[in-house]
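**Student:** Starting off with a structure, shown below.
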Amino acid sequence: MNVQADAVRTLSYAEALREAMDIALGADQRVVLIGEDIGIYGGAFQVTGDLVEKYGEDRVMDMPISELGGAGVAVGAAMTGLRPIFEFQFSDFATLAMEQIVNQAAKVRYMLGGAVSVPLVMRFPAGSGTGAAAQHSQSLEAWFGHVPGLKVVQPATPEDAKGLLLAALEDPDPVMIFEHKLLYKTRGPVPEGAYLTPIGKASLRREGRDLTIVATAIMVQKALEAAEVLAGEGVDAEVIDLRTIRPIDRETVLESVRKTGRLLCVYEAVKTLGIGAEISAMVAESDAFDFLDAPIVRLGGAECPIPYNPDLERAAVPQVADIIAGATDLAQGRT
């Protein structure tokens with residue numbers, strides 16, 4: 001008799017985030033959702049969905065169009081014992097709330113000697129690819145990664161989207177979750193029930209021997225796609241999904257570089273002062289530097305605002321072909 005294995009449950013990235021919030025709201029009365037259009041409308045990208053119908057407007061709270069005001073409410077709610085999840089419609093709009101995030105949420109615990117913590121989660125739909133143009137398509141995660149007191153994560157899979165959000169809710173400090181907009185409809189296996197994906201731990205998505213590709217967010221999928229093409233050309237690429245940019249999992253990256261001797265950093269944000277610069281410096285300041293057989297290569301976004309034109313938009317951020325070309329040059333010593 002043939003016995004078929006149970007089908008693996010798959011969810012979209014957006015569904016995984018919603019399930020995480022549903023679990024948290026059901027398990028802990030302190031958890032509340034705050035944001036613009038997250039109630040009946042279901043969120044700018046339909047992530048919160050019908051949670052307002054299940055938990056009511058006291059738990060899923062629509063805010064007026066004031067990012068600064070809404071963020072201030074979320075920070076204050078966290079300081080007084082709640083576990084708020086604040087959603088920005090677009091990550092770009094965080095620029096309107098930087099005072100509350102950078103000067104208040106990130107610093108209150110330190111300035112009060114640990115007497116008060118800010119267990120706040122903020123969700124940021126980020127990145128290009130939707131034709132939303134320069135003011136709605138940025139990747140600003142490195143800004144927040146520069147601020148002591150904040151933790152910054154970039155889930156690349158539905159499983160990690162759920163696990164990192166639930167882990168963020170357990171953290172006593174503010175956690176910024178950057179969700180690439182093009183990932184919302186991607187699907188993947190997601191365990192049922194509650195589980196935690198550790199903050200500060202990278203994931204080795206593909207083992208290889210010829211070079212290390214460290215990628216974030218949607219660039220993880222592009223790097224894995226590129227790695228399959230490269231394998232057919234005789235280049236065996238190792239792919240690391242950084243998952244967290246503050247704190248960075250130093251040892252996973254350094255161990256990989258010691259093995260492969262080559263490093264390619266791939267990220268969508270503007271190349272200058274991006275996460276690739278930090279990874280490069282981290283390697284250069286460690287013993288892994290002595291294992292390098294070629295200069296470190298950074299593959300980041302163009303030095304320009306994200307264009308509206310779809311062809312120009314694609315050209316402004318790394319694509320699979322760019323990763324293949326960069327990795328081939330690096331592996332063959334043409335950098």
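Naming scheme: A, B, ... for chains in displayed order of the structure tokens; residues 1 onward per chain; ligands 1 onward as shown.
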For stretch 167-170 of chain A, please output as a list of chain:residue names all residues within 7 Å (counting only C-alpha atoms; exclusion window: fewer than 5 positions along the same chain).
**Tutor:**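 Counting only the stated atoms, we get A:Arg83, A:Val121, A:Val175, A:Leu196, A:Thr197, A:Pro198, A:Ile199.
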**Student:** Could the residues in this selection be saved with N, CA, C and O atoms as a compact mmCIF listing (two decimals), in the first residue's frame?
**Tutor:**
```txt
# COMPACT_ATOMS: atom_id res chain seq x y z
N ARG A 83 1.35 45.84 24.30
CA ARG A 83 2.29 45.29 23.30
C ARG A 83 1.78 45.69 21.91
O ARG A 83 1.23 44.88 21.17
N VAL A 121 6.44 46.88 18.43
CA VAL A 121 6.74 46.33 17.10
C VAL A 121 6.21 47.30 16.06
O VAL A 121 5.06 47.74 16.15
N VAL A 175 11.20 46.67 18.02
CA VAL A 175 11.67 45.89 16.87
C VAL A 175 11.01 46.44 15.61
O VAL A 175 9.77 46.55 15.54
N LEU A 196 8.88 30.78 17.39
CA LEU A 196 9.71 31.97 17.34
C LEU A 196 10.91 31.74 16.43
O LEU A 196 11.61 30.73 16.55
N THR A 197 11.14 32.66 15.52
CA THR A 197 12.37 32.69 14.73
C THR A 197 13.33 33.63 15.44
O THR A 197 13.00 34.81 15.64
N PRO A 198 14.49 33.17 15.85
CA PRO A 198 15.35 34.01 16.69
C PRO A 198 15.83 35.28 16.00
O PRO A 198 16.29 35.25 14.86
N ILE A 199 15.68 36.38 16.69
CA ILE A 199 16.21 37.66 16.21
C ILE A 199 17.72 37.65 16.40
O ILE A 199 18.23 37.28 17.46
```
**Student:** Give me the residues within 6 Å of stretch 266-274 of chain A as a list in words, counting only C-alpha atoms and dropping any in the same chain fewer than 5 places off.
**Tutor:**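 Those residues are Ser139, Ala142, Ala215, Thr216, Leu299, Gly300, Gly301, Ala302, Glu303 and Val317 of chain A.
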**Student:** Using only C-alpha atoms, determine which residues lie at most 9 Å from A:Tyr184, disregarding the query and same-chain residues fewer than 3 positions distant; provide the list as a ChimeraX atom specification.
**Tutor:** /A:12-15,45,47,158,179-181,187
**Student:** Determine which residues of stretch 53-269 of chain A DSSP labels as strand (DSSP E or B) from the backbone of this structure, then write them out as number ranges by chain.
**Tutor:** A: 60-62, 83-87, 121-126, 151-153, 175-180, 187-189, 203-206, 211-215, 237-241, 244-246, 263-269
**Student:** Tell me, as a short mmCIF file (atom, residue, chain, number, x, y, z; two decimals) with all heavy atoms, in the first residue's frame, which residues lie within 12 Å of A:Glu228, counting only C-alpha atoms; anything in the same chain fewer than 3 positions away does not count.
**Tutor:**
```cif
data_model
loop_
_atom_site.label_atom_id
_atom_site.label_comp_id
_atom_site.auth_asym_id
_atom_site.auth_seq_id
_atom_site.Cartn_x
_atom_site.Cartn_y
_atom_site.Cartn_z
N ARG A 206 21.60 28.22 1.26
CA ARG A 206 22.21 27.31 0.27
C ARG A 206 23.69 27.18 0.58
O ARG A 206 24.38 28.18 0.76
CB ARG A 206 22.02 27.86 -1.15
CG ARG A 206 22.50 26.92 -2.26
CD ARG A 206 22.40 27.60 -3.62
NE ARG A 206 22.55 26.66 -4.71
CZ ARG A 206 23.72 26.22 -5.18
NH1 ARG A 206 24.85 26.65 -4.61
NH2 ARG A 206 23.77 25.37 -6.20
N GLU A 207 24.17 25.97 0.66
CA GLU A 207 25.59 25.76 0.89
C GLU A 207 26.36 25.80 -0.42
O GLU A 207 25.86 25.38 -1.47
CB GLU A 207 25.82 24.41 1.59
CG GLU A 207 25.31 24.38 3.01
CD GLU A 207 25.84 23.18 3.79
OE1 GLU A 207 27.04 22.87 3.63
OE2 GLU A 207 25.06 22.59 4.54
N GLY A 208 27.60 26.31 -0.37
CA GLY A 208 28.44 26.38 -1.55
C GLY A 208 29.89 26.49 -1.15
O GLY A 208 30.22 26.66 0.03
N GLN A 221 15.67 35.67 -2.43
CA GLN A 221 15.09 34.88 -3.51
C GLN A 221 15.86 35.07 -4.81
O GLN A 221 16.11 34.11 -5.55
CB GLN A 221 13.61 35.27 -3.71
CG GLN A 221 12.65 34.59 -2.77
CD GLN A 221 12.74 35.11 -1.35
OE1 GLN A 221 13.30 36.17 -1.09
NE2 GLN A 221 12.21 34.35 -0.41
N LYS A 222 16.24 36.31 -5.09
CA LYS A 222 16.99 36.57 -6.32
C LYS A 222 18.36 35.91 -6.26
O LYS A 222 18.85 35.37 -7.28
CB LYS A 222 17.11 38.07 -6.54
CG LYS A 222 15.78 38.75 -6.86
CD LYS A 222 15.94 40.23 -7.15
CE LYS A 222 14.60 40.86 -7.48
NZ LYS A 222 14.71 42.29 -7.82
N ALA A 223 18.99 35.92 -5.10
CA ALA A 223 20.30 35.28 -4.95
C ALA A 223 20.19 33.77 -5.13
O ALA A 223 21.06 33.15 -5.75
CB ALA A 223 20.90 35.63 -3.60
N LEU A 224 19.13 33.17 -4.59
CA LEU A 224 18.95 31.73 -4.74
C LEU A 224 18.69 31.36 -6.20
O LEU A 224 19.21 30.34 -6.70
CB LEU A 224 17.80 31.25 -3.86
CG LEU A 224 18.08 31.27 -2.35
CD1 LEU A 224 16.80 31.02 -1.56
CD2 LEU A 224 19.13 30.23 -1.98
N GLU A 225 17.91 32.18 -6.88
CA GLU A 225 17.66 31.94 -8.30
C GLU A 225 18.97 32.07 -9.09
O GLU A 225 19.27 31.25 -9.97
CB GLU A 225 16.62 32.93 -8.82
CG GLU A 225 16.21 32.69 -10.25
CD GLU A 225 15.13 33.63 -10.73
OE1 GLU A 225 14.44 34.24 -9.87
OE2 GLU A 225 14.97 33.78 -11.96
N ALA A 231 25.32 27.53 -10.67
CA ALA A 231 25.71 26.13 -10.50
C ALA A 231 25.85 25.43 -11.85
O ALA A 231 26.75 24.60 -12.04
CB ALA A 231 24.69 25.41 -9.62
N GLY A 232 24.96 25.78 -12.78
CA GLY A 232 25.05 25.21 -14.12
C GLY A 232 26.26 25.69 -14.90
O GLY A 232 26.64 25.08 -15.91
N GLU A 233 26.86 26.78 -14.42
CA GLU A 233 28.05 27.33 -15.07
C GLU A 233 29.33 27.00 -14.30
O GLU A 233 30.39 27.55 -14.58
CB GLU A 233 27.89 28.85 -15.22
CG GLU A 233 26.69 29.23 -16.07
CD GLU A 233 26.44 30.74 -16.10
OE1 GLU A 233 27.14 31.47 -15.35
OE2 GLU A 233 25.56 31.18 -16.86
N GLY A 234 29.19 26.14 -13.30
CA GLY A 234 30.37 25.69 -12.57
C GLY A 234 30.76 26.55 -11.38
O GLY A 234 31.86 26.39 -10.83
N VAL A 235 29.88 27.47 -10.96
CA VAL A 235 30.15 28.32 -9.79
C VAL A 235 29.21 27.92 -8.67
O VAL A 235 27.99 28.02 -8.82
CB VAL A 235 29.99 29.82 -10.13
CG1 VAL A 235 30.21 30.67 -8.89
CG2 VAL A 235 30.94 30.23 -11.24
N ASP A 236 29.77 27.48 -7.56
CA ASP A 236 28.97 26.99 -6.43
C ASP A 236 28.86 28.08 -5.38
O ASP A 236 29.81 28.32 -4.62
CB ASP A 236 29.64 25.74 -5.86
CG ASP A 236 28.77 25.01 -4.85
OD1 ASP A 236 27.55 25.27 -4.83
OD2 ASP A 236 29.30 24.19 -4.09
N ALA A 237 27.70 28.73 -5.32
CA ALA A 237 27.51 29.89 -4.44
C ALA A 237 26.81 29.48 -3.15
O ALA A 237 25.82 28.74 -3.17
CB ALA A 237 26.71 30.97 -5.14
N GLU A 238 27.31 29.98 -2.05
CA GLU A 238 26.64 29.84 -0.75
C GLU A 238 25.79 31.08 -0.53
O GLU A 238 26.26 32.20 -0.75
CB GLU A 238 27.68 29.69 0.36
CG GLU A 238 27.08 29.43 1.73
CD GLU A 238 28.00 28.60 2.61
OE1 GLU A 238 28.22 27.42 2.26
OE2 GLU A 238 28.51 29.15 3.61
N VAL A 239 24.55 30.90 -0.09
CA VAL A 239 23.63 32.03 0.09
C VAL A 239 23.21 32.13 1.56
O VAL A 239 22.67 31.17 2.12
CB VAL A 239 22.38 31.89 -0.81
CG1 VAL A 239 21.43 33.07 -0.56
CG2 VAL A 239 22.78 31.84 -2.28
N VAL A 320 18.37 39.47 -10.91
CA VAL A 320 19.05 38.17 -10.94
C VAL A 320 20.25 38.20 -11.87
O VAL A 320 21.33 37.70 -11.54
CB VAL A 320 18.06 37.07 -11.36
CG1 VAL A 320 18.79 35.74 -11.57
CG2 VAL A 320 16.97 36.90 -10.31
N ALA A 321 20.08 38.81 -13.05
CA ALA A 321 21.19 38.88 -14.01
C ALA A 321 22.38 39.63 -13.44
O ALA A 321 23.54 39.28 -13.72
CB ALA A 321 20.71 39.53 -15.31
N ILE A 323 23.22 39.78 -10.26
CA ILE A 323 23.86 38.92 -9.26
C ILE A 323 24.71 37.86 -9.96
O ILE A 323 25.84 37.57 -9.54
CB ILE A 323 22.80 38.27 -8.35
CG1 ILE A 323 21.99 39.35 -7.63
CG2 ILE A 323 23.46 37.33 -7.34
CD1 ILE A 323 20.80 38.81 -6.85
N ILE A 324 24.17 37.28 -11.03
CA ILE A 324 24.93 36.28 -11.78
C ILE A 324 26.22 36.89 -12.31
O ILE A 324 27.31 36.30 -12.19
CB ILE A 324 24.08 35.72 -12.93
CG1 ILE A 324 22.89 34.92 -12.38
CG2 ILE A 324 24.92 34.86 -13.87
CD1 ILE A 324 21.87 34.52 -13.43
N ALA A 327 28.66 37.71 -9.37
CA ALA A 327 29.22 36.49 -8.77
C ALA A 327 30.21 35.82 -9.72
O ALA A 327 31.25 35.31 -9.29
CB ALA A 327 28.09 35.53 -8.41
#
```
